[in-house]
Amino acid sequence: MRDPDSVGVLISGPGDAGLSVVLFRGGWADVDYFDGLDDGGPIPAFDITSAAAFGTQLDHWVPHAFGNLGGS
């Protein structure tokens, strides 16, 4: 039987922009972004207590990573 400690996703944006999220069973995530231009780095991610909380955080991380790239 498998019992994973984490799951990861990579979200690609325009150009070389990307958001990498690894969610750990303990309630935290490693979140890093690169906007494809000249900005990037880690984003704090703690106290993720449910799938809904993860979704809420993800809704904040995506615009943080891709929001300054323009678009409609």
# chains A, B, ... in the order shown; residues from 1 in each chain; ligands from 1
$ residues_around --residues "Val9 (chain A)" --least-positions-apart "4" --cutoff "9 Å" --atoms "only C-alpha atoms" --output "count of residues only"
5
$ closest_residue --among "A:Asp39, A:Pro4, A:Val31, A:Gly13" --to "Leu58 (chain A)" --atoms "only C-alpha atoms"
A:Val31
$ closest_residue --among "A:Ala51, A:Leu37, A:Val62, A:Ile11" --to "Arg25 (chain A)" --atoms "only C-alpha atoms"
A:Ala51
$ select_by_dssp --residues "chain A" --states "strand (DSSP E)" --output "MDAnalysis selection string"
chainID A and resid 6:12 18:24 28:34 40:43
$ residues_around --residues "Phe24 (chain A)" --least-positions-apart "2" --cutoff "10 Å" --atoms "only C-alpha atoms" --output "list in words"
Pro4, Asp5, Ser6, Val7, Gly8, Val21, Val22, Gly26, Gly27, Trp28, Ala29, Asp30 and Ile48 of chain A
$ atom_distance --atom1 "CA of Pro63 (chain A)" --atom2 "CA of Asp32 (chain A)"
12.9 Å
$ residues_around --residues "Gly18 (chain A)" --least-positions-apart "3" --cutoff "7 Å" --atoms "only C-alpha atoms" --output "mmCIF file with all heavy atoms, in the first residue's frame"
data_model
loop_
_atom_site.group_PDB
_atom_site.id
_atom_site.type_symbol
_atom_site.label_atom_id
_atom_site.label_comp_id
_atom_site.auth_asym_id
_atom_site.auth_seq_id
_atom_site.Cartn_x
_atom_site.Cartn_y
_atom_site.Cartn_z
ATOM 1 N N LEU A 10 2.810 21.728 -11.366
ATOM 2 C CA LEU A 10 3.541 22.794 -12.051
ATOM 3 C C LEU A 10 2.564 23.461 -12.996
ATOM 4 O O LEU A 10 1.976 22.805 -13.857
ATOM 5 C CB LEU A 10 4.732 22.239 -12.828
ATOM 6 C CG LEU A 10 5.535 23.248 -13.636
ATOM 7 C CD1 LEU A 10 6.123 24.322 -12.739
ATOM 8 C CD2 LEU A 10 6.631 22.543 -14.414
ATOM 9 N N ILE A 11 2.369 24.753 -12.808
ATOM 10 C CA ILE A 11 1.455 25.520 -13.649
ATOM 11 C C ILE A 11 2.302 26.416 -14.532
ATOM 12 O O ILE A 11 3.092 27.219 -14.036
ATOM 13 C CB ILE A 11 0.488 26.360 -12.787
ATOM 14 C CG1 ILE A 11 -0.307 25.440 -11.862
ATOM 15 C CG2 ILE A 11 -0.428 27.184 -13.679
ATOM 16 C CD1 ILE A 11 -1.106 26.179 -10.814
ATOM 17 N N SER A 12 2.147 26.259 -15.839
ATOM 18 C CA SER A 12 2.898 27.072 -16.798
ATOM 19 C C SER A 12 2.066 28.259 -17.225
ATOM 20 O O SER A 12 0.867 28.127 -17.475
ATOM 21 C CB SER A 12 3.256 26.238 -18.021
ATOM 22 O OG SER A 12 4.080 25.161 -17.653
ATOM 23 N N GLY A 13 2.716 29.397 -17.325
ATOM 24 C CA GLY A 13 2.050 30.610 -17.760
ATOM 25 C C GLY A 13 2.617 31.083 -19.069
ATOM 26 O O GLY A 13 3.293 30.331 -19.778
ATOM 27 N N TYR A 33 7.823 30.584 -7.696
ATOM 28 C CA TYR A 33 7.352 31.096 -8.979
ATOM 29 C C TYR A 33 8.475 31.814 -9.700
ATOM 30 O O TYR A 33 9.458 32.245 -9.109
ATOM 31 C CB TYR A 33 6.156 32.036 -8.801
ATOM 32 C CG TYR A 33 6.534 33.425 -8.324
ATOM 33 C CD1 TYR A 33 6.611 34.481 -9.234
ATOM 34 C CD2 TYR A 33 6.824 33.678 -7.003
ATOM 35 C CE1 TYR A 33 6.967 35.755 -8.810
ATOM 36 C CE2 TYR A 33 7.174 34.944 -6.574
ATOM 37 C CZ TYR A 33 7.251 35.976 -7.474
ATOM 38 O OH TYR A 33 7.607 37.228 -7.069
ATOM 39 N N PHE A 34 8.309 31.921 -11.000
ATOM 40 C CA PHE A 34 9.156 32.740 -11.847
ATOM 41 C C PHE A 34 8.252 33.375 -12.876
ATOM 42 O O PHE A 34 7.482 32.680 -13.537
ATOM 43 C CB PHE A 34 10.236 31.901 -12.540
ATOM 44 C CG PHE A 34 11.110 32.714 -13.453
ATOM 45 C CD1 PHE A 34 11.944 33.693 -12.939
ATOM 46 C CD2 PHE A 34 11.076 32.526 -14.817
ATOM 47 C CE1 PHE A 34 12.736 34.467 -13.784
ATOM 48 C CE2 PHE A 34 11.859 33.279 -15.663
ATOM 49 C CZ PHE A 34 12.702 34.246 -15.146
ATOM 50 N N ASP A 35 8.307 34.693 -12.998
ATOM 51 C CA ASP A 35 7.365 35.367 -13.893
ATOM 52 C C ASP A 35 7.815 35.381 -15.352
ATOM 53 O O ASP A 35 7.129 35.930 -16.206
ATOM 54 C CB ASP A 35 7.046 36.779 -13.409
ATOM 55 C CG ASP A 35 8.180 37.770 -13.575
ATOM 56 O OD1 ASP A 35 9.254 37.401 -14.091
ATOM 57 O OD2 ASP A 35 7.995 38.932 -13.185
#
$ atom_distance --atom1 "CA of Phe66 (chain A)" --atom2 "CA of Pro42 (chain A)"
13.9 Å
